[in-house]
$ cat entry-v4.json   # JSON, C-alpha atoms
[["chain", "number", "residue", "atom", "x", "y", "z"],
["B", 1, "MET", "CA", -17.07, -16.90, 39.85],
["B", 2, "TYR", "CA", -16.03, -20.34, 40.98],
["B", 3, "ARG", "CA", -18.12, -23.39, 41.71],
["B", 4, "LYS", "CA", -16.12, -25.50, 44.15],
["B", 5, "ALA", "CA", -12.68, -26.72, 45.04],
["B", 6, "PHE", "CA", -11.52, -30.30, 44.84],
["B", 7, "HIS", "CA", -8.47, -32.52, 45.07],
["B", 8, "TYR", "CA", -7.39, -34.34, 41.94],
["B", 9, "LEU", "CA", -6.03, -37.68, 43.13],
["B", 10, "SER", "CA", -3.62, -39.41, 40.79],
["B", 11, "GLY", "CA", -0.56, -41.62, 40.70],
["B", 12, "TRP", "CA", 0.10, -45.28, 41.36],
["B", 13, "TRP", "CA", -0.99, -44.68, 44.95],
["B", 14, "SER", "CA", -1.85, -41.07, 45.50],
["B", 15, "TYR", "CA", -0.91, -37.71, 44.15],
["B", 16, "ARG", "CA", -2.70, -34.50, 45.00],
["B", 17, "LEU", "CA", -3.12, -31.80, 42.42],
["B", 18, "ILE", "CA", -4.88, -28.98, 44.21],
["B", 19, "ALA", "CA", -7.35, -27.52, 41.75],
["B", 20, "LEU", "CA", -10.45, -25.40, 41.26],
["B", 21, "ARG", "CA", -12.90, -25.55, 38.33],
["B", 22, "TYR", "CA", -14.61, -22.56, 36.80],
["B", 23, "ALA", "CA", -18.38, -22.79, 36.43],
["B", 24, "GLY", "CA", -19.48, -23.50, 32.87],
["B", 25, "HIS", "CA", -18.28, -25.75, 30.08],
["B", 26, "LEU", "CA", -14.67, -26.71, 29.47],
["B", 27, "ARG", "CA", -13.30, -25.96, 26.02],
["B", 28, "ASN", "CA", -12.44, -28.80, 23.67],
["B", 29, "ASP", "CA", -9.12, -27.27, 22.66],
["B", 30, "LEU", "CA", -7.33, -27.90, 25.97],
["B", 31, "ALA", "CA", -4.26, -29.02, 24.11],
["B", 32, "MET", "CA", -3.73, -25.39, 23.09],
["B", 33, "ALA", "CA", -2.63, -24.76, 26.68],
["B", 34, "ILE", "CA", 0.37, -26.97, 26.09],
["B", 35, "SER", "CA", 3.63, -25.31, 25.12],
["B", 36, "SER", "CA", 5.08, -26.59, 21.86],
["B", 37, "SER", "CA", 8.60, -25.88, 23.06],
["B", 38, "GLN", "CA", 10.44, -27.88, 25.67],
["B", 39, "ARG", "CA", 11.13, -26.26, 29.03],
["B", 40, "ASN", "CA", 14.38, -28.03, 29.80],
["B", 41, "LEU", "CA", 15.62, -24.83, 31.41],
["B", 42, "ARG", "CA", 12.63, -23.42, 33.27],
["B", 43, "LYS", "CA", 13.30, -19.88, 34.49],
["B", 44, "GLU", "CA", 12.84, -21.06, 38.06],
["B", 45, "ASP", "CA", 15.13, -18.53, 39.66],
["B", 46, "GLN", "CA", 13.50, -15.47, 38.12],
["B", 47, "PRO", "CA", 11.52, -13.74, 40.93],
["B", 48, "LEU", "CA", 7.89, -13.20, 39.95],
["B", 49, "LEU", "CA", 6.82, -12.01, 43.40],
["B", 50, "ALA", "CA", 8.70, -10.02, 45.98],
["B", 51, "ASP", "CA", 9.81, -11.96, 49.05],
["B", 52, "SER", "CA", 7.62, -9.73, 51.18],
["B", 53, "VAL", "CA", 4.56, -10.58, 49.08],
["B", 54, "VAL", "CA", 5.30, -14.32, 49.34],
["B", 55, "ALA", "CA", 5.72, -14.05, 53.11],
["B", 56, "ASP", "CA", 2.53, -12.02, 53.51],
["B", 57, "LEU", "CA", 0.42, -14.39, 51.42],
["B", 58, "LYS", "CA", 1.76, -17.45, 53.17],
["B", 59, "SER", "CA", 1.07, -15.94, 56.60],
["B", 60, "ARG", "CA", -2.58, -15.46, 55.63],
["B", 61, "MET", "CA", -3.12, -18.94, 54.18],
["B", 62, "VAL", "CA", -5.00, -21.72, 55.98],
["B", 63, "PRO", "CA", -3.74, -25.36, 55.95],
["B", 64, "GLU", "CA", -6.30, -26.60, 53.42],
["B", 65, "ILE", "CA", -4.79, -25.35, 50.15],
["B", 66, "ALA", "CA", -8.01, -25.63, 48.14],
["B", 67, "SER", "CA", -10.15, -23.83, 50.70],
["B", 68, "ASN", "CA", -12.31, -20.93, 49.58],
["B", 69, "HIS", "CA", -10.15, -18.67, 51.72],
["B", 70, "ASN", "CA", -6.93, -19.61, 49.92],
["B", 71, "VAL", "CA", -8.61, -19.48, 46.53],
["B", 72, "GLY", "CA", -9.72, -15.93, 47.19],
["B", 73, "LEU", "CA", -6.26, -15.07, 48.44],
["B", 74, "LEU", "CA", -4.37, -16.40, 45.40],
["B", 75, "SER", "CA", -6.86, -16.14, 42.54],
["B", 76, "SER", "CA", -5.63, -12.69, 41.52],
["B", 77, "LEU", "CA", -2.19, -14.15, 40.73],
["B", 78, "SER", "CA", -1.34, -15.49, 37.29],
["B", 79, "ARG", "CA", -0.63, -19.19, 36.87],
["B", 80, "GLN", "CA", 3.09, -18.53, 36.67],
["B", 81, "GLU", "CA", 2.92, -16.41, 39.82],
["B", 82, "ARG", "CA", 1.03, -19.15, 41.65],
["B", 83, "GLU", "CA", 3.66, -21.66, 40.56],
["B", 84, "TYR", "CA", 6.42, -19.36, 41.76],
["B", 85, "PHE", "CA", 4.59, -18.77, 45.04],
["B", 86, "ALA", "CA", 4.23, -22.53, 45.62],
["B", 87, "ARG", "CA", 7.95, -23.07, 45.25],
["B", 88, "ALA", "CA", 8.97, -20.01, 47.25],
["B", 89, "SER", "CA", 6.52, -20.75, 50.06],
["B", 90, "LYS", "CA", 6.97, -24.55, 50.01],
["B", 91, "THR", "CA", 3.26, -25.13, 49.43],
["B", 92, "VAL", "CA", 1.42, -27.18, 46.80],
["B", 93, "VAL", "CA", 0.74, -25.23, 43.61],
["B", 94, "LEU", "CA", -2.87, -24.13, 43.15],
["B", 95, "TYR", "CA", -4.32, -24.46, 39.65],
["B", 96, "LEU", "CA", -7.59, -22.81, 38.67],
["B", 97, "GLY", "CA", -10.38, -23.55, 36.24],
["B", 98, "GLU", "CA", -9.36, -24.85, 32.83],
["B", 99, "GLU", "CA", -5.76, -25.14, 33.96],
["B", 100, "VAL", "CA", -6.78, -28.40, 35.66],
["B", 101, "PRO", "CA", -7.79, -30.41, 32.55],
["B", 102, "ALA", "CA", -5.03, -28.65, 30.62],
["B", 103, "VAL", "CA", -2.42, -30.12, 32.98],
["B", 104, "MET", "CA", -3.97, -33.57, 32.59],
["B", 105, "LYS", "CA", -4.11, -33.29, 28.80],
["B", 106, "ALA", "CA", -0.51, -32.09, 28.66],
["B", 107, "GLU", "CA", 0.70, -35.05, 30.73],
["B", 108, "GLU", "CA", -1.18, -37.56, 28.58],
["B", 109, "ILE", "CA", 0.07, -36.13, 25.29],
["B", 110, "ALA", "CA", 3.60, -36.16, 26.67],
["B", 111, "VAL", "CA", 3.68, -39.85, 27.65],
["B", 112, "MET", "CA", 2.07, -40.99, 24.41],
["B", 113, "ALA", "CA", 5.12, -39.68, 22.57],
["B", 114, "ALA", "CA", 6.74, -42.94, 23.70],
["B", 115, "ALA", "CA", 4.83, -44.83, 20.99],
["B", 116, "PRO", "CA", 7.10, -45.64, 18.01],
["B", 117, "THR", "CA", 6.46, -43.16, 15.22],
["B", 118, "GLY", "CA", 5.25, -44.13, 11.78],
["B", 119, "HIS", "CA", 2.76, -46.70, 13.06],
["B", 120, "PRO", "CA", -0.91, -46.25, 13.99],
["B", 121, "LEU", "CA", -1.62, -46.84, 17.66],
["B", 122, "THR", "CA", -4.06, -49.56, 16.64],
["B", 123, "ALA", "CA", -1.08, -51.58, 15.36],
["B", 124, "LEU", "CA", 1.02, -51.20, 18.53],
["B", 125, "ASN", "CA", 1.08, -52.95, 21.90],
["B", 126, "GLY", "CA", 1.30, -50.39, 24.69],
["B", 127, "VAL", "CA", 1.10, -50.77, 28.46],
["B", 128, "ASN", "CA", -0.17, -48.19, 30.95],
["B", 129, "ILE", "CA", 1.50, -48.84, 34.30],
["B", 130, "GLY", "CA", -0.52, -47.34, 37.12],
["B", 131, "CYS", "CA", -3.76, -46.96, 35.19],
["B", 132, "GLY", "CA", -5.74, -46.32, 38.39],
["B", 133, "GLN", "CA", -4.51, -42.78, 37.99],
["B", 134, "ARG", "CA", -5.75, -42.41, 34.36],
["B", 135, "THR", "CA", -6.46, -44.81, 31.53],
["B", 136, "VAL", "CA", -5.10, -42.33, 28.89],
["B", 137, "SER", "CA", -6.10, -44.48, 25.89],
["B", 138, "PRO", "CA", -8.38, -47.49, 25.31],
["B", 139, "LEU", "CA", -5.60, -48.95, 23.15],
["B", 140, "LEU", "CA", -3.33, -49.45, 26.16],
["B", 141, "LEU", "CA", -3.21, -52.55, 28.31],
["B", 142, "GLN", "CA", -4.13, -51.22, 31.74],
["B", 143, "VAL", "CA", -1.92, -52.41, 34.62],
["B", 144, "ASP", "CA", -2.29, -51.61, 38.30],
["B", 145, "ILE", "CA", -1.79, -53.10, 41.75],
["B", 146, "MET", "CA", -5.51, -53.06, 42.61],
["B", 147, "ARG", "CA", -8.95, -52.89, 41.06],
["B", 148, "GLU", "CA", -11.04, -51.66, 43.97],
["B", 149, "PRO", "CA", -10.46, -49.54, 47.08],
["B", 150, "VAL", "CA", -8.73, -51.44, 49.86],
["B", 151, "LEU", "CA", -6.29, -48.98, 51.43],
["B", 152, "GLY", "CA", -8.10, -45.67, 51.77],
["B", 153, "ILE", "CA", -7.09, -42.30, 50.38],
["B", 154, "GLU", "CA", -5.22, -41.31, 53.53],
["B", 155, "SER", "CA", -2.97, -44.36, 53.09],
["B", 156, "GLY", "CA", -2.02, -43.23, 49.62],
["B", 157, "GLU", "CA", -4.61, -44.98, 47.47],
["B", 158, "HIS", "CA", -5.23, -43.32, 44.11],
["B", 159, "GLY", "CA", -8.63, -42.07, 43.15],
["B", 160, "ASP", "CA", -9.66, -43.62, 39.81],
["B", 161, "LEU", "CA", -9.32, -47.39, 40.05],
["B", 162, "ASN", "CA", -9.95, -49.56, 37.00],
["B", 163, "ALA", "CA", -11.98, -52.77, 37.39],
["B", 164, "SER", "CA", -10.40, -54.31, 34.28],
["B", 165, "ALA", "CA", -6.78, -53.57, 35.21],
["B", 166, "PHE", "CA", -4.20, -56.35, 34.86],
["B", 167, "LEU", "CA", -2.84, -56.86, 38.36],
["B", 168, "ALA", "CA", 0.95, -56.56, 38.69],
["B", 169, "THR", "CA", 3.58, -54.53, 40.49],
["B", 170, "PRO", "CA", 5.50, -52.04, 38.34],
["B", 171, "ASN", "CA", 8.91, -53.51, 39.12],
["B", 172, "ASP", "CA", 7.88, -57.11, 38.31],
["B", 173, "LEU", "CA", 5.74, -57.13, 35.18],
["B", 174, "PRO", "CA", 4.85, -60.54, 33.72],
["B", 175, "PHE", "CA", 5.98, -59.86, 30.15],
["B", 176, "LYS", "CA", 8.85, -61.54, 28.37],
["B", 177, "GLY", "CA", 11.84, -59.53, 27.24],
["B", 178, "GLU", "CA", 11.45, -57.18, 24.27],
["B", 179, "SER", "CA", 7.77, -57.93, 23.82],
["B", 180, "ILE", "CA", 6.13, -54.53, 24.44],
["B", 181, "ASP", "CA", 6.15, -51.66, 21.92],
["B", 182, "TYR", "CA", 5.85, -48.83, 24.43],
["B", 183, "ILE", "CA", 5.09, -48.09, 28.06],
["B", 184, "VAL", "CA", 3.39, -45.07, 29.62],
["B", 185, "SER", "CA", 3.36, -44.28, 33.31],
["B", 186, "LEU", "CA", 1.86, -41.18, 34.92],
["B", 187, "HIS", "CA", 2.62, -40.37, 38.56],
["B", 188, "THR", "CA", 3.79, -43.87, 39.39],
["B", 189, "LEU", "CA", 7.58, -43.83, 39.50],
["B", 190, "GLU", "CA", 7.75, -41.43, 42.46],
["B", 191, "HIS", "CA", 6.01, -44.09, 44.58],
["B", 192, "ILE", "CA", 8.64, -46.73, 43.84],
["B", 193, "GLU", "CA", 11.60, -47.17, 46.18],
["B", 194, "ASP", "CA", 14.10, -48.01, 43.42],
["B", 195, "PRO", "CA", 13.18, -46.05, 40.28],
["B", 196, "VAL", "CA", 16.50, -46.86, 38.59],
["B", 197, "GLU", "CA", 16.00, -50.63, 38.72],
["B", 198, "THR", "CA", 12.34, -50.27, 37.77],
["B", 199, "VAL", "CA", 13.16, -48.30, 34.62],
["B", 200, "ASN", "CA", 15.81, -50.91, 33.80],
["B", 201, "HIS", "CA", 13.10, -53.56, 34.12],
["B", 202, "TRP", "CA", 10.88, -51.60, 31.73],
["B", 203, "LEU", "CA", 13.76, -51.27, 29.28],
["B", 204, "ASP", "CA", 14.14, -55.05, 29.42],
["B", 205, "ILE", "CA", 10.59, -55.72, 28.28],
["B", 206, "VAL", "CA", 10.36, -52.92, 25.68],
["B", 207, "LYS", "CA", 11.37, -53.80, 22.12],
["B", 208, "PRO", "CA", 14.38, -52.19, 20.45],
["B", 209, "GLY", "CA", 13.18, -48.84, 19.19],
["B", 210, "GLY", "CA", 10.32, -48.87, 21.67],
["B", 211, "GLY", "CA", 9.69, -46.06, 24.11],
["B", 212, "ILE", "CA", 8.92, -45.36, 27.75],
["B", 213, "GLY", "CA", 6.93, -42.21, 28.57],
["B", 214, "ILE", "CA", 6.94, -41.12, 32.20],
["B", 215, "VAL", "CA", 5.39, -38.26, 34.17],
["B", 216, "VAL", "CA", 6.49, -37.52, 37.72],
["B", 217, "PRO", "CA", 5.87, -34.54, 40.03],
["B", 218, "ASP", "CA", 8.43, -31.83, 40.55],
["B", 219, "TRP", "CA", 8.71, -32.01, 44.33],
["B", 220, "ARG", "CA", 9.53, -28.30, 44.58],
["B", 221, "TYR", "CA", 5.95, -27.51, 43.56],
["B", 222, "THR", "CA", 4.28, -30.32, 45.51],
["B", 223, "TRP", "CA", 5.96, -31.57, 48.68],
["B", 224, "ASP", "CA", 9.17, -32.97, 50.11],
["B", 225, "ALA", "CA", 9.10, -36.76, 50.36],
["B", 226, "ARG", "CA", 11.67, -36.55, 53.15],
["B", 227, "ASN", "CA", 8.73, -35.45, 55.30],
["B", 228, "ASP", "CA", 6.22, -37.88, 53.79],
["B", 229, "HIS", "CA", 5.20, -40.53, 56.33],
["B", 230, "ALA", "CA", 2.43, -42.22, 54.32],
["B", 231, "PRO", "CA", 3.53, -45.81, 53.54],
["B", 232, "TYR", "CA", 2.37, -45.74, 49.92],
["B", 233, "SER", "CA", 3.18, -42.15, 49.03],
["B", 234, "HIS", "CA", 6.27, -40.54, 47.51],
["B", 235, "LYS", "CA", 9.62, -42.28, 48.02],
["B", 236, "TRP", "CA", 11.99, -39.75, 46.38],
["B", 237, "ASN", "CA", 12.08, -36.17, 45.10],
["B", 238, "PRO", "CA", 12.09, -35.92, 41.28],
["B", 239, "THR", "CA", 13.40, -32.90, 39.37],
["B", 240, "PRO", "CA", 14.40, -32.60, 35.69],
["B", 241, "ALA", "CA", 18.06, -32.25, 36.67],
["B", 242, "LEU", "CA", 17.92, -35.45, 38.70],
["B", 243, "ILE", "CA", 16.40, -37.32, 35.75],
["B", 244, "GLU", "CA", 19.22, -36.08, 33.51],
["B", 245, "HIS", "CA", 21.72, -37.34, 36.09],
["B", 246, "LEU", "CA", 20.01, -40.75, 36.39],
["B", 247, "PHE", "CA", 19.88, -41.07, 32.62],
["B", 248, "SER", "CA", 23.57, -40.25, 32.24],
["B", 249, "LYS", "CA", 24.59, -42.67, 34.97],
["B", 250, "HIS", "CA", 22.20, -45.58, 34.50],
["B", 251, "TRP", "CA", 20.31, -45.59, 31.19],
["B", 252, "SER", "CA", 22.38, -43.80, 28.55],
["B", 253, "ASP", "CA", 24.02, -47.04, 27.39],
["B", 254, "ARG", "CA", 20.61, -48.56, 26.64],
["B", 255, "ALA", "CA", 18.40, -45.69, 25.51],
["B", 256, "ALA", "CA", 18.22, -42.10, 24.33],
["B", 257, "LEU", "CA", 16.61, -39.35, 26.41],
["B", 258, "GLU", "CA", 14.31, -38.35, 23.60],
["B", 259, "GLN", "CA", 12.10, -35.88, 25.44],
["B", 260, "LEU", "CA", 12.30, -33.92, 28.69],
["B", 261, "CYS", "CA", 9.91, -31.29, 30.06],
["B", 262, "SER", "CA", 7.77, -30.96, 26.95],
["B", 263, "TYR", "CA", 4.96, -28.93, 28.56],
["B", 264, "ASP", "CA", 4.87, -25.71, 30.53],
["B", 265, "PHE", "CA", 3.30, -26.61, 33.87],
["B", 266, "ALA", "CA", 5.48, -26.63, 36.97],
["B", 267, "LEU", "CA", 3.56, -29.22, 38.99],
["B", 268, "SER", "CA", 4.97, -32.17, 37.03],
["B", 269, "PHE", "CA", 7.29, -32.95, 34.14],
["B", 270, "ASP", "CA", 7.74, -35.70, 31.58],
["B", 271, "PHE", "CA", 10.57, -37.65, 30.02],
["B", 272, "VAL", "CA", 10.68, -40.21, 27.23],
["B", 273, "LEU", "CA", 13.34, -42.88, 26.87],
["B", 274, "ARG", "CA", 13.82, -44.51, 23.45],
["B", 275, "LYS", "CA", 15.47, -47.92, 23.60],
["B", 276, "GLN", "CA", 18.36, -48.41, 21.21],
["B", 277, "GLY", "CA", 17.79, -50.50, 18.10],
["B", 278, "ARG", "CA", 15.46, -50.75, 15.12],
["B", 279, "PHE", "CA", 11.78, -51.10, 15.89],
["B", 280, "VAL", "CA", 9.91, -54.00, 14.30],
["B", 281, "PRO", "CA", 6.14, -54.00, 14.84],
["B", 282, "PHE", "CA", 3.93, -57.05, 15.19],
["B", 283, "THR", "CA", 2.97, -58.60, 11.86],
["B", 284, "PRO", "CA", 0.03, -61.03, 11.54],
["B", 285, "PRO", "CA", 0.86, -64.45, 10.04],
["B", 286, "ASN", "CA", 0.83, -64.64, 6.26],
["B", 287, "ALA", "CA", -2.37, -66.39, 5.19],
["B", 288, "ALA", "CA", -0.48, -68.07, 2.33],
["B", 289, "THR", "CA", 1.65, -70.01, 4.85],
["B", 290, "ILE", "CA", -1.25, -71.22, 7.01],
["B", 291, "LYS", "CA", -2.56, -74.74, 6.37],
["B", 292, "SER", "CA", -6.31, -75.07, 6.12],
["B", 293, "GLY", "CA", -8.24, -77.78, 7.95],
["B", 294, "ALA", "CA", -8.57, -79.73, 4.69],
["B", 295, "GLU", "CA", -4.82, -79.54, 4.06],
["B", 296, "ARG", "CA", -4.05, -80.72, 7.58],
["B", 297, "TYR", "CA", -6.43, -83.65, 7.09],
["B", 298, "GLU", "CA", -4.82, -84.58, 3.77],
["B", 299, "GLN", "CA", -1.38, -84.47, 5.39],
["B", 300, "GLY", "CA", -2.44, -86.70, 8.29],
["B", 301, "ILE", "CA", -1.98, -84.08, 10.99],
["B", 302, "PHE", "CA", -5.64, -83.20, 11.52],
["B", 303, "LEU", "CA", -7.07, -83.65, 15.04],
["B", 304, "HIS", "CA", -10.55, -85.16, 14.88],
["B", 305, "GLY", "CA", -13.00, -85.90, 17.65],
["B", 306, "GLU", "CA", -15.14, -89.00, 17.20]]

$ encode --input "entry-v4.json" --output "structure tokens"
Amino acid sequence: MYRKAFHYLSGWWSYRLIALRYAGHLRNDLAMAISSSQRNLRKEDQPLLADSVVADLKSRMVPEIASNHNVGLLSSLSRQEREYFARASKTVVLYLGEEVPAVMKAEEIAVMAAAPTGHPLTALNGVNIGCGQRTVSPLLLQVDIMREPVLGIESGEHGDLNASAFLATPNDLPFKGESIDYIVSLHTLEHIEDPVETVNHWLDIVKPGGGIGIVVPDWRYTWDARNDHAPYSHKWNPTPALIEHLFSKHWSDRAALEQLCSYDFALSFDFVLRKQGRFVPFTPPNAATIKSGAERYEQGIFLHGE
């Protein structure tokens, strides 16, 4: 029924989504797997499996989550039951088949909501911070800390590096204030030691009315960074409630929390900050105000090489 198991590596450095693909072609309507309603209040405390079932399954698992043994053990569970089991057993959630690209599609749609509405993406200047995880859109300026493998996966290196990425660290981007229309960042912020100051930096360079779309893991369905010894891996434990707290304490005077948990997958969640103010897009110079070469020559300001 299944072809093989694999690890989906993402994030600024590394982020493991344990997954399994079904044999056969993937549907083109993956976005249909995305919930149209926000899940601000996920029913996390509603038991989907008895404690005895969770304990029994966990006792029979092997360390490699995506092993054929574990797949056979958990494949009879629904996605929601597997998510519940991951949290209850403190293991990484196992996604199967078309759930894998559906999660990816959901995350990408979520962060692109940061783009100011009413303007085509071709007219906007967006930045993708941590593009080595995913490029998302060819209309984004891709930014990363590396272009080729130098660290190794076990050190936390992500798995889809981009040879054309603009090299910069996420907390020190070389853009002047209020010059970027929107920022997207998937599985990057959890690898940064000071996410509050980094988001403040992003708010500095985003225009009034511009947006910041972020996806981070929910540690309760992945792993506890308090036990993470990899130097480039997770530095804190995100949850939706923590993001609401950070927004209230640090960002509410500068932006609106426009979106939170817009898709129904437990592994990760999204949030979009909208900077206060009226958005003004880039406008090309008016041709009527531009002096031609002949006009510059007539006015004595033409530069001419002999």

$ residues_around --input "entry-v4.json" --residues "Val280 of chain B" --least-positions-apart "4" --cutoff "12 Å" --atoms "all atoms listed in the file" --output "list of chain:residue names"
B:Pro116, B:Thr117, B:Gly118, B:His119, B:Ala123, B:Leu124, B:Asn125, B:Glu178, B:Ser179, B:Ile180, B:Asp181, B:Val206, B:Lys207, B:Pro208, B:Gly209, B:Gly210

$ residues_around --input "entry-v4.json" --residues "Ala256 of chain B" --least-positions-apart "5" --cutoff "10 Å" --atoms "all atoms listed in the file" --output "list in words"
Gly209, Gly211, Phe247, Ser248, Trp251, Val272, Leu273, Arg274, Lys275 and Gln276 of chain B

$ write_last_selection --input "entry-v4.json" --atoms "C-alpha atoms" --output "compact mmCIF listing (two decimals), keeping the file's coordinate frame"
# COMPACT_ATOMS: atom_id res chain seq x y z
CA GLY B 209 13.18 -48.84 19.19
CA GLY B 211 9.69 -46.06 24.11
CA PHE B 247 19.88 -41.07 32.62
CA SER B 248 23.57 -40.25 32.24
CA TRP B 251 20.31 -45.59 31.19
CA VAL B 272 10.68 -40.21 27.23
CA LEU B 273 13.34 -42.88 26.87
CA ARG B 274 13.82 -44.51 23.45
CA LYS B 275 15.47 -47.92 23.60
CA GLN B 276 18.36 -48.41 21.21

$ closest_residue --input "entry-v4.json" --among "B:Ala102, B:Leu94, B:Ala110, B:Arg226" --to "Gln259 of chain B" --atoms "all atoms listed in the file"
B:Ala110

$ residues_around --input "entry-v4.json" --residues "Val54 of chain B" --least-positions-apart "5" --cutoff "8 Å" --atoms "all atoms listed in the file" --output "list of chain:residue names"
B:Leu49, B:Phe85, B:Ala88, B:Ser89

$ residues_near_point --input "entry-v4.json" --point "(-3.6, -46.6, 38.6)" --cutoff "6 Å" --atoms "only C-alpha atoms" --output "list of chain:residue names"
B:Trp12, B:Gly130, B:Cys131, B:Gly132, B:Gln133, B:Asp144, B:Leu161

$ closest_residue --input "entry-v4.json" --among "B:Tyr84, B:Phe279, B:Phe166, B:Trp236" --to "Met146 of chain B" --atoms "all atoms listed in the file"
B:Phe166

$ atom_distance --input "entry-v4.json" --atom1 "atom CA of Ser164 of chain B" --atom2 "atom CA of Arg147 of chain B"
7.1 Å

$ closest_residue --input "entry-v4.json" --among "B:Met61, B:Leu257, B:Val100, B:Ala288" --to "Ile212 of chain B" --atoms "all atoms listed in the file"
B:Leu257

$ atom_distance --input "entry-v4.json" --atom1 "atom CA of Glu81 of chain B" --atom2 "atom CA of Trp223 of chain B"
17.8 Å

$ atom_distance --input "entry-v4.json" --atom1 "atom CA of Val143 of chain B" --atom2 "atom CA of Val127 of chain B"
7.1 Å

$ residues_around --input "entry-v4.json" --residues "Leu77 of chain B" --least-positions-apart "3" --cutoff "12 Å" --atoms "only C-alpha atoms" --output "number ranges by chain"
B: 48-49, 53-54, 57, 70-74, 80-86, 93-96

$ closest_residue --input "entry-v4.json" --among "B:Lys90, B:His245, B:Arg278, B:Lys291" --to "Trp219 of chain B" --atoms "all atoms listed in the file"
B:Lys90

$ closest_residue --input "entry-v4.json" --among "B:Val111, B:Gly126, B:Ile192, B:Leu246" --to "His234 of chain B" --atoms "all atoms listed in the file"
B:Ile192

$ closest_residue --input "entry-v4.json" --among "B:Asp264, B:Leu242, B:Pro231, B:Ile205" --to "Lys105 of chain B" --atoms "only C-alpha atoms"
B:Asp264

$ build_atoms --input "entry-v4.json" --residues "segment 179-195 of chain B" --atoms "N, CA and C atoms" --output "CSV table (one decimal), in the coordinates of the input"
chain,number,residue,atom,x,y,z
B,179,SER,N,9.1,-57.5,24.4
B,179,SER,CA,7.8,-57.9,23.8
B,179,SER,C,6.8,-56.8,23.8
B,180,ILE,N,7.1,-55.6,24.4
B,180,ILE,CA,6.1,-54.5,24.4
B,180,ILE,C,6.7,-53.4,23.6
B,181,ASP,N,5.7,-52.7,22.8
B,181,ASP,CA,6.2,-51.7,21.9
B,181,ASP,C,6.4,-50.4,22.7
B,182,TYR,N,5.6,-50.1,23.7
B,182,TYR,CA,5.8,-48.8,24.4
B,182,TYR,C,5.1,-48.9,25.8
B,183,ILE,N,5.6,-48.2,26.7
B,183,ILE,CA,5.1,-48.1,28.1
B,183,ILE,C,4.8,-46.6,28.4
B,184,VAL,N,3.7,-46.4,29.0
B,184,VAL,CA,3.4,-45.1,29.6
B,184,VAL,C,3.1,-45.2,31.1
B,185,SER,N,3.5,-44.2,31.9
B,185,SER,CA,3.4,-44.3,33.3
B,185,SER,C,3.3,-42.9,33.8
B,186,LEU,N,2.1,-42.5,34.4
B,186,LEU,CA,1.9,-41.2,34.9
B,186,LEU,C,1.8,-41.2,36.4
B,187,HIS,N,2.6,-40.5,37.1
B,187,HIS,CA,2.6,-40.4,38.6
B,187,HIS,C,2.7,-41.7,39.2
B,188,THR,N,3.6,-42.5,38.8
B,188,THR,CA,3.8,-43.9,39.4
B,188,THR,C,5.2,-44.0,39.9
B,189,LEU,N,6.2,-43.6,39.2
B,189,LEU,CA,7.6,-43.8,39.5
B,189,LEU,C,8.0,-43.2,40.8
B,190,GLU,N,7.4,-42.1,41.2
B,190,GLU,CA,7.8,-41.4,42.5
B,190,GLU,C,7.3,-42.2,43.7
B,191,HIS,N,6.5,-43.2,43.5
B,191,HIS,CA,6.0,-44.1,44.6
B,191,HIS,C,6.8,-45.4,44.7
B,192,ILE,N,7.8,-45.5,43.9
B,192,ILE,CA,8.6,-46.7,43.8
B,192,ILE,C,10.0,-46.5,44.5
B,193,GLU,N,10.4,-47.4,45.4
B,193,GLU,CA,11.6,-47.2,46.2
B,193,GLU,C,12.9,-47.1,45.3
B,194,ASP,N,12.9,-48.0,44.3
B,194,ASP,CA,14.1,-48.0,43.4
B,194,ASP,C,13.7,-47.7,42.0
B,195,PRO,N,13.6,-46.4,41.6
B,195,PRO,CA,13.2,-46.0,40.3
B,195,PRO,C,14.2,-46.5,39.2
